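Source file: model-v4.cif (mmCIF, C-alpha atoms)
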```cif
data_input
#
loop_
_atom_site.label_atom_id
_atom_site.label_comp_id
_atom_site.auth_asym_id
_atom_site.auth_seq_id
_atom_site.Cartn_x
_atom_site.Cartn_y
_atom_site.Cartn_z
CA MET A 13 -93.49 -11.34 58.22
CA LEU A 14 -97.21 -11.81 58.42
CA THR A 15 -98.09 -8.96 56.11
CA PRO A 16 -101.48 -9.00 54.44
CA ASN A 17 -99.88 -9.14 50.96
CA THR A 18 -97.96 -12.38 51.22
CA PRO A 19 -99.77 -15.26 49.51
CA HIS A 20 -99.56 -17.53 52.57
CA SER A 21 -100.65 -14.99 55.13
CA ASP A 22 -104.36 -15.84 55.03
CA ARG A 23 -103.72 -19.50 55.55
CA LEU A 24 -101.20 -18.79 58.30
CA GLN A 25 -103.63 -16.42 59.99
CA THR A 26 -106.32 -19.10 59.84
CA ARG A 27 -103.91 -21.53 61.42
CA ILE A 28 -103.12 -19.13 64.29
CA ASP A 29 -106.83 -18.46 64.80
CA ALA A 30 -107.52 -22.19 64.87
CA TYR A 31 -104.87 -22.65 67.57
CA LEU A 32 -106.32 -19.80 69.65
CA MET A 33 -109.83 -21.17 69.16
CA ARG A 34 -108.73 -24.54 70.54
CA LEU A 35 -107.21 -22.73 73.51
CA ARG A 36 -110.39 -20.70 74.05
CA ARG A 37 -112.48 -23.85 73.99
CA SER A 38 -110.23 -25.55 76.53
CA LEU A 39 -110.33 -22.50 78.82
CA GLY A 40 -114.12 -22.80 78.97
CA GLU A 41 -114.77 -22.38 82.67
CA LEU A 42 -112.69 -19.22 83.23
CA PRO A 43 -114.32 -15.74 83.34
CA PRO A 44 -114.52 -14.23 79.79
CA GLU A 45 -112.31 -11.22 80.55
CA GLU A 46 -109.57 -13.55 81.81
CA VAL A 47 -109.89 -15.71 78.68
CA ALA A 48 -109.56 -12.60 76.47
CA ASP A 49 -106.44 -11.58 78.38
CA ILE A 50 -104.84 -15.02 78.01
CA LEU A 51 -105.64 -15.21 74.28
CA GLN A 52 -104.18 -11.75 73.67
CA GLU A 53 -100.97 -12.72 75.44
CA ILE A 54 -100.58 -16.00 73.52
CA ARG A 55 -101.45 -14.31 70.21
CA GLY A 56 -98.76 -11.71 70.91
CA HIS A 57 -96.28 -14.51 71.58
CA ILE A 58 -97.06 -16.24 68.26
CA LEU A 59 -96.98 -13.02 66.21
CA GLU A 60 -93.72 -11.84 67.72
CA ARG A 61 -92.06 -15.23 67.25
CA ALA A 62 -93.31 -15.12 63.66
CA GLU A 63 -91.86 -11.66 63.08
CA ALA A 64 -88.51 -12.74 64.51
CA ALA A 65 -88.43 -15.76 62.18
CA GLY A 66 -88.24 -13.55 59.10
CA GLU A 67 -90.05 -14.94 56.04
CA MET A 68 -92.99 -16.88 57.41
CA THR A 69 -93.66 -20.35 56.13
CA ASP A 70 -96.04 -23.13 57.16
CA GLU A 71 -93.15 -25.08 58.63
CA ARG A 72 -91.97 -22.15 60.75
CA LEU A 73 -95.45 -21.51 62.08
CA VAL A 74 -95.90 -25.18 62.89
CA ALA A 75 -92.58 -25.09 64.76
CA ILE A 76 -93.68 -22.00 66.74
CA LEU A 77 -96.99 -23.60 67.72
CA GLN A 78 -95.28 -26.88 68.57
CA ALA A 79 -92.80 -25.11 70.84
CA LEU A 80 -95.73 -23.42 72.55
CA GLY A 81 -97.37 -26.77 73.29
CA ARG A 82 -100.85 -28.20 72.76
CA PRO A 83 -103.70 -25.87 73.84
CA GLU A 84 -105.33 -28.83 75.59
CA ASP A 85 -102.20 -29.22 77.75
CA ILE A 86 -101.79 -25.52 78.55
CA ALA A 87 -105.41 -24.67 79.39
CA PRO A 88 -105.74 -26.97 82.45
CA LEU A 89 -102.69 -25.27 83.99
CA TYR A 90 -104.69 -22.05 84.08
CA GLN A 91 -107.91 -23.67 85.16
CA ALA A 92 -107.01 -25.76 88.17
CA GLU A 93 -105.48 -22.80 90.00
CA ALA A 94 -108.08 -20.32 88.83
CA LEU A 95 -111.06 -22.46 89.83
CA MET A 96 -109.58 -23.02 93.28
CA ALA A 97 -108.74 -19.34 93.74
CA ARG A 98 -112.28 -18.31 92.83
CA ALA A 99 -113.85 -21.07 94.95
CA ARG A 100 -111.89 -20.04 98.05
CA THR A 101 -113.45 -16.59 98.08
CA SER A 102 -116.86 -17.61 96.77
CA TYR A 103 -120.20 -18.10 98.51
CA SER A 104 -121.64 -20.14 95.66
CA PRO A 105 -122.30 -23.78 96.69
CA THR A 106 -121.78 -25.04 93.13
CA LEU A 107 -118.43 -23.25 92.75
CA LEU A 108 -117.31 -24.44 96.20
CA LEU A 109 -118.31 -28.03 95.41
CA ARG A 110 -116.56 -27.87 92.03
CA GLY A 111 -113.41 -26.66 93.74
CA ALA A 112 -113.68 -29.46 96.28
CA LEU A 113 -114.29 -32.00 93.51
CA ARG A 114 -111.11 -30.86 91.73
CA TRP A 115 -109.24 -31.34 94.98
CA ALA A 116 -110.99 -34.67 95.63
CA MET A 117 -109.41 -36.09 92.47
CA LEU A 118 -105.93 -35.44 93.87
CA SER A 119 -106.11 -36.42 97.52
CA VAL A 120 -108.03 -38.38 100.13
CA ARG A 121 -108.39 -35.24 102.24
CA GLY A 122 -109.94 -33.45 99.29
CA PHE A 123 -112.36 -36.32 98.81
CA ALA A 124 -113.40 -36.19 102.47
CA ILE A 125 -114.05 -32.44 102.20
CA PHE A 126 -116.05 -32.91 99.01
CA LEU A 127 -118.15 -35.60 100.71
CA ALA A 128 -118.68 -33.42 103.80
CA GLY A 129 -119.80 -30.56 101.56
CA LEU A 130 -122.21 -32.79 99.68
CA VAL A 131 -123.74 -34.21 102.89
CA GLY A 132 -123.89 -30.76 104.54
CA TYR A 133 -125.68 -29.15 101.62
CA GLY A 134 -127.92 -32.23 101.26
CA ILE A 135 -129.12 -32.06 104.88
CA ALA A 136 -129.59 -28.29 104.70
CA LEU A 137 -131.62 -28.66 101.50
CA GLY A 138 -133.74 -31.40 103.11
CA PHE A 139 -134.69 -29.14 106.04
CA LEU A 140 -135.41 -26.18 103.75
CA VAL A 141 -137.63 -28.25 101.43
CA GLY A 142 -139.40 -29.67 104.52
CA GLY A 143 -139.99 -26.20 105.93
CA PHE A 144 -141.41 -24.86 102.67
CA GLY A 145 -143.28 -28.08 101.96
CA LYS A 146 -145.15 -27.88 105.27
CA ILE A 147 -146.61 -24.53 104.17
CA VAL A 148 -147.69 -25.89 100.77
CA ALA A 149 -148.88 -29.36 101.77
CA PRO A 150 -149.30 -29.44 105.58
CA ARG A 151 -151.01 -32.84 105.66
CA GLN A 152 -148.50 -34.77 103.55
CA ILE A 153 -145.25 -33.15 104.68
CA GLY A 154 -143.96 -33.62 108.19
CA ALA A 155 -141.04 -34.56 110.43
CA TRP A 156 -141.93 -38.22 110.85
CA TRP A 157 -140.81 -40.30 113.77
CA THR A 158 -141.20 -44.04 113.83
CA PRO A 159 -139.29 -46.02 116.46
CA GLY A 160 -135.76 -46.22 115.13
CA SER A 161 -136.01 -43.77 112.24
CA PHE A 162 -136.58 -40.12 111.51
CA SER A 163 -137.35 -38.50 108.19
CA ILE A 164 -138.57 -35.24 106.78
CA GLY A 165 -140.96 -35.32 103.84
CA THR A 166 -143.88 -37.61 103.07
CA THR A 167 -144.55 -40.98 104.68
CA THR A 168 -146.66 -44.05 103.88
CA ASN A 169 -146.19 -45.57 107.32
CA PRO A 170 -149.46 -45.18 109.30
CA ALA A 171 -147.56 -45.61 112.58
CA ALA A 172 -145.37 -42.57 111.87
CA HIS A 173 -145.88 -39.67 114.21
CA ASP A 174 -145.44 -36.05 113.10
CA VAL A 175 -143.25 -34.80 115.94
CA LEU A 176 -142.94 -31.16 114.93
CA GLY A 177 -146.31 -30.30 113.43
CA TRP A 178 -146.36 -26.68 112.33
CA TRP A 179 -143.05 -26.16 114.08
CA LEU A 180 -141.47 -27.81 111.05
CA VAL A 181 -141.82 -24.49 109.18
CA PRO A 182 -139.61 -22.31 111.43
CA VAL A 183 -137.36 -25.21 112.49
CA GLY A 184 -136.86 -26.45 108.91
CA LEU A 185 -136.13 -23.00 107.53
CA ALA A 186 -133.78 -22.08 110.40
CA VAL A 187 -131.85 -25.38 110.48
CA GLY A 188 -131.69 -25.37 106.68
CA ALA A 189 -130.32 -21.82 106.56
CA ILE A 190 -127.78 -22.54 109.31
CA GLY A 191 -126.73 -25.71 107.48
CA LEU A 192 -126.21 -23.81 104.23
CA VAL A 193 -124.11 -21.13 105.90
CA ALA A 194 -122.10 -23.60 108.01
CA THR A 195 -121.32 -25.87 105.03
CA THR A 196 -120.31 -22.86 102.92
CA TRP A 197 -117.91 -21.64 105.60
CA LEU A 198 -116.55 -25.13 106.17
CA LEU A 199 -115.76 -25.51 102.45
CA ARG A 200 -114.22 -22.04 102.18
CA TRP A 201 -112.05 -22.74 105.19
CA ALA A 202 -111.02 -26.22 104.02
CA LEU A 203 -110.24 -25.15 100.44
CA GLY A 204 -107.69 -22.73 101.88
CA PHE A 205 -105.52 -25.78 102.61
CA ALA A 206 -105.87 -27.36 99.18
CA LYS A 207 -102.63 -28.04 97.36
CA LEU A 208 -103.29 -28.74 93.72
CA ARG A 209 -99.76 -29.06 92.51
CA ARG A 210 -98.39 -32.52 93.03
CA ALA A 211 -95.26 -32.81 95.11
CA ILE A 212 -92.14 -32.31 93.04
CA PRO A 213 -89.01 -34.08 94.31
CA ALA A 214 -86.65 -31.17 93.65
CA ARG A 215 -88.93 -28.45 94.95
CA VAL A 216 -86.81 -26.10 97.03
CA THR A 217 -89.15 -24.18 99.29
CA MET B 28 -92.74 -50.37 89.46
CA GLN B 29 -91.12 -51.85 86.37
CA ARG B 30 -92.45 -48.91 84.38
CA MET B 31 -90.64 -46.46 86.62
CA ALA B 32 -87.35 -48.14 85.82
CA THR B 33 -87.86 -47.90 82.07
CA ASP B 34 -89.26 -44.40 81.48
CA GLY B 35 -88.68 -42.96 84.93
CA SER B 36 -85.57 -40.94 84.09
CA GLU B 37 -87.32 -38.75 81.52
CA ASN B 38 -90.13 -38.08 83.95
CA TRP B 39 -87.65 -37.23 86.70
CA GLU B 40 -85.92 -34.69 84.49
CA SER B 41 -89.16 -32.97 83.61
CA GLN B 42 -90.15 -32.86 87.29
CA VAL B 43 -86.82 -31.25 88.17
CA ARG B 44 -87.29 -28.70 85.40
CA LYS B 45 -90.77 -27.83 86.61
CA GLY B 46 -89.52 -27.39 90.14
CA TRP B 47 -86.89 -24.88 89.09
CA LEU B 48 -88.94 -23.03 86.52
CA GLU B 49 -90.83 -20.91 89.02
CA LEU B 50 -87.64 -19.67 90.65
CA ALA B 51 -86.03 -19.07 87.26
CA ILE B 52 -88.98 -16.92 86.16
CA LEU B 53 -88.91 -14.89 89.39
CA ALA B 54 -85.13 -14.49 89.14
CA SER B 55 -85.37 -13.24 85.54
CA LEU B 56 -87.59 -10.40 86.79
CA TRP B 57 -85.16 -9.39 89.54
CA SER B 58 -83.73 -6.29 87.89
CA GLU B 59 -86.23 -5.28 85.22
CA LYS B 60 -89.75 -5.48 83.85
CA LEU B 61 -90.12 -8.12 81.15
CA TYR B 62 -92.90 -9.55 78.97
CA GLY B 63 -93.48 -13.29 78.45
CA LEU B 64 -91.28 -13.77 75.40
CA ASP B 65 -88.49 -11.72 77.03
CA ILE B 66 -88.57 -14.05 80.02
CA LEU B 67 -88.51 -17.09 77.73
CA ARG B 68 -85.51 -15.77 75.78
CA ARG B 69 -83.69 -15.17 79.00
CA LEU B 70 -84.43 -18.67 80.26
CA GLU B 71 -83.41 -20.19 76.92
CA ALA B 72 -80.09 -18.36 77.05
CA GLY B 73 -79.31 -19.39 80.61
CA SER B 74 -80.77 -22.88 80.84
CA ASP B 75 -82.85 -25.53 79.12
CA LEU B 76 -85.61 -25.29 81.71
CA VAL B 77 -88.52 -24.65 79.38
CA VAL B 78 -89.95 -27.67 77.61
CA ALA B 79 -93.27 -26.31 76.30
CA GLU B 80 -93.07 -22.52 76.03
CA GLY B 81 -96.78 -22.16 76.71
CA THR B 82 -96.36 -23.40 80.28
CA ILE B 83 -94.72 -20.18 81.49
CA TYR B 84 -97.90 -18.17 80.92
CA PRO B 85 -100.07 -20.09 83.42
CA ILE B 86 -97.18 -19.89 85.91
CA LEU B 87 -97.02 -16.09 85.47
CA ASN B 88 -100.80 -16.05 85.91
CA ARG B 89 -100.53 -17.91 89.21
CA LEU B 90 -97.58 -15.87 90.51
CA LYS B 91 -99.67 -12.78 89.88
CA ARG B 92 -102.64 -14.26 91.70
CA ASP B 93 -100.34 -15.09 94.62
CA GLY B 94 -99.26 -11.42 94.71
CA LEU B 95 -95.60 -12.11 93.89
CA ILE B 96 -95.67 -10.27 90.57
CA ASP B 97 -97.83 -7.62 88.93
CA SER B 98 -98.48 -6.89 85.26
CA LYS B 99 -99.53 -4.22 82.80
CA TRP B 100 -100.36 -4.16 79.08
CA VAL B 101 -98.07 -1.86 77.09
CA GLU B 102 -98.43 -0.99 73.39
CA SER B 103 -95.44 -2.01 71.26
CA GLU B 104 -94.17 -0.84 67.86
CA GLY B 105 -95.05 -4.25 66.43
CA GLY B 106 -98.73 -3.35 66.72
CA HIS B 107 -99.74 -5.96 69.27
CA PRO B 108 -99.60 -5.05 72.96
CA ARG B 109 -97.20 -6.77 75.34
CA LYS B 110 -97.97 -7.78 78.91
CA TYR B 111 -95.08 -6.69 81.11
CA TYR B 112 -94.43 -8.28 84.49
CA TRP B 113 -92.45 -7.13 87.50
CA LEU B 114 -91.81 -8.32 91.06
CA THR B 115 -93.87 -6.90 93.91
CA ALA B 116 -92.25 -6.25 97.31
CA ALA B 117 -93.54 -9.63 98.51
CA GLY B 118 -92.21 -11.19 95.31
CA ARG B 119 -88.71 -9.78 95.90
CA ARG B 120 -88.64 -11.17 99.44
CA ARG B 121 -89.87 -14.57 98.26
CA THR B 122 -87.42 -14.71 95.34
CA LEU B 123 -84.50 -13.88 97.60
CA SER B 124 -85.44 -16.55 100.15
CA MET B 125 -85.99 -19.13 97.37
CA ALA B 126 -82.61 -18.21 95.84
CA ARG B 127 -80.84 -18.68 99.20
CA HIS B 128 -82.43 -22.09 99.73
CA ALA B 129 -81.72 -23.14 96.16
CA SER B 130 -78.09 -22.13 96.31
CA LEU B 131 -77.52 -23.94 99.60
CA PHE B 132 -79.32 -26.98 98.28
CA LEU B 133 -77.35 -27.04 95.03
CA GLY B 134 -74.07 -26.81 96.95
CA ARG B 135 -74.97 -29.85 99.02
CA ILE B 136 -76.09 -31.88 96.03
CA GLN B 137 -72.91 -30.99 94.21
CA GLU B 138 -70.82 -32.15 97.18
CA LEU B 139 -72.77 -35.37 97.22
CA LEU B 140 -72.33 -35.96 93.50
CA ALA B 141 -68.68 -34.89 93.18
CA PRO B 142 -67.05 -38.22 94.19
CA LEU B 143 -69.37 -40.19 91.94
CA LEU B 144 -68.77 -37.97 88.93
CA SER B 145 -64.97 -37.86 89.36
CA GLU B 146 -64.87 -41.66 89.60
CA GLU B 147 -66.68 -41.90 86.28
CA GLU B 148 -63.94 -39.87 84.59
#
```
Any chance you could give the structure as structure tokens?
Amino acid sequence: MLTPNTPHSDRLQTRIDAYLMRLRRSLGELPPEEVADILQEIRGHILERAEAAGEMTDERLVAILQALGRPEDIAPLYQAEALMARARTSYSPTLLLRGALRWAMLSVRGFAIFLAGLVGYGIALGFLVGGFGKIVAPRQIGAWWTPGSFSIGTTTNPAAHDVLGWWLVPVGLAVGAIGLVATTWLLRWALGFAKLRRAIPARVT
Amino acid sequence: MQRMATDGSENWESQVRKGWLELAILASLWSEKLYGLDILRRLEAGSDLVVAEGTIYPILNRLKRDGLIDSKWVESEGGHPRKYYWLTAAGRRRTLSMARHASLFLGRIQELLAPLLSEEE
């Protein structure tokens, strides 16, 4: 029993806390209330196993923690699924891209989606910055056309022609906003198909 | 490829275990509400499916997120609360369909393995 009076109990308690602290650290990216819930459940598991073991010794506690597994091995099992579940219903570009990146590490399709998300947000950001920039620095910022190339931003090429002029403000802001929304919806839609668990030969579904 | 031949069998066994664990957890909840350690004890008694005990908690977490099970914290006499799980209606349907597939599948595998195993004796 882990009663406060036994001579070992402090050291055993410290050991349990150390295990839970390692788990907490590994669970880093989950929402705090979910982390608290997980830690409470695992703590309950350890304490109840300890109570069932009768007189508690270092060896018995070590055996209980060993049977449970390393915190660093358990935590990712929570995270991969949780991150993806949150990303699927999120509107946050960073969360969506992180979900896609997790998927990208497992499959070619995931990598393609991650790349599409990166390019989509990149283009949208370019238009938005161009639109705002034209208001701040109308002479330097423009939508520059030189035969064979098009760019938004500043230019050093004297032959470049500012094709949009002041129109860059509404066009940049509108195209940028549409790009943001479209990329967000594309990622949300695509992440719905993500399978994070690797195929298991004997899976019967 | 050579590596697969040397340590492949251990890996195969753990993959098989993982594949069955989800169904075993759902099946253990078929007739009553249980908390994590309850489920583990039941699995230990009926099989050697669980390698690291801590892995069942993330699985329960995911099954809940998928809407197959639900959970509630309940105070216990021991002083620390227990998180009880039970099957939702969707979970019962899913468990039953998984059980049917599994049983059919096991029957076929057994048929396939029977001649080979009897020859060995």
For this session: With the file shown as input, list the residues that the PyMOL selection byres ((chain B) within 10 of (chain A)) selects, as a VMD selection string.
Result: chain B and resid 39 to 47 49 to 50 62 to 65 77 to 89 92 to 93 100 105 to 110 121 124 to 133
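The two atoms in question, atom CA of B:Trp113 and atom CA of B:Leu61, are spaced 6.8 Å apart.
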For this session: Given the file shown, determine the residues that the PyMOL selection byres ((chain A and resi 181-196) around 10) selects; report them as number ranges by chain.
Result: A: 102-105, 108-109, 128-147, 150, 154-155, 164, 176-180, 197-202
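The neighbours of A:His173 here are the residues that come within 12 Å of it, using only C-alpha atoms and leaving out any residue fewer than 3 positions away in the same chain; they are Ile153, Gly154, Ala155, Trp156, Trp157, Thr158, Pro159, Ser161, Phe162, Ser163, Ile164, Thr166, Thr167, Thr168, Asn169, Pro170, Leu176 and Gly177 of chain A.
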Problem set entry | Test item: residues at most 9 Å from A:Met96, all atoms listed in the file, excluding those fewer than 5 positions along its chain, as a ChimeraX atom specification | /A:91,101,107-108,110-112,114-115,203-204,206,208
Problem set entry | Two-atom distance - atom CA of B:Leu143, atom CA of B:Asp75 (Å) |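 Atom CA of B:Leu143 sits 23.7 Å away from atom CA of B:Asp75.
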Exercise. Atom CA of B:Gly134 to atom CA of B:Arg68: how many Å, to one decimal?
Worked result: 26.5 Å
For this session: Report as a PyMOL selection string the residues that result from applying the PyMOL selection byres ((chain B and resi 98) around 6) to the structure here.
Result: chain B and resi 97+99+111-112
Problem set entry | Shell around stretch 69-71 of chain A at 10 Å using only C-alpha atoms, local window under 2 positions removed, as a VMD selection string | chain A and resid 13 to 14 20 to 21 23 to 24 27 62 65 to 67 73 to 77
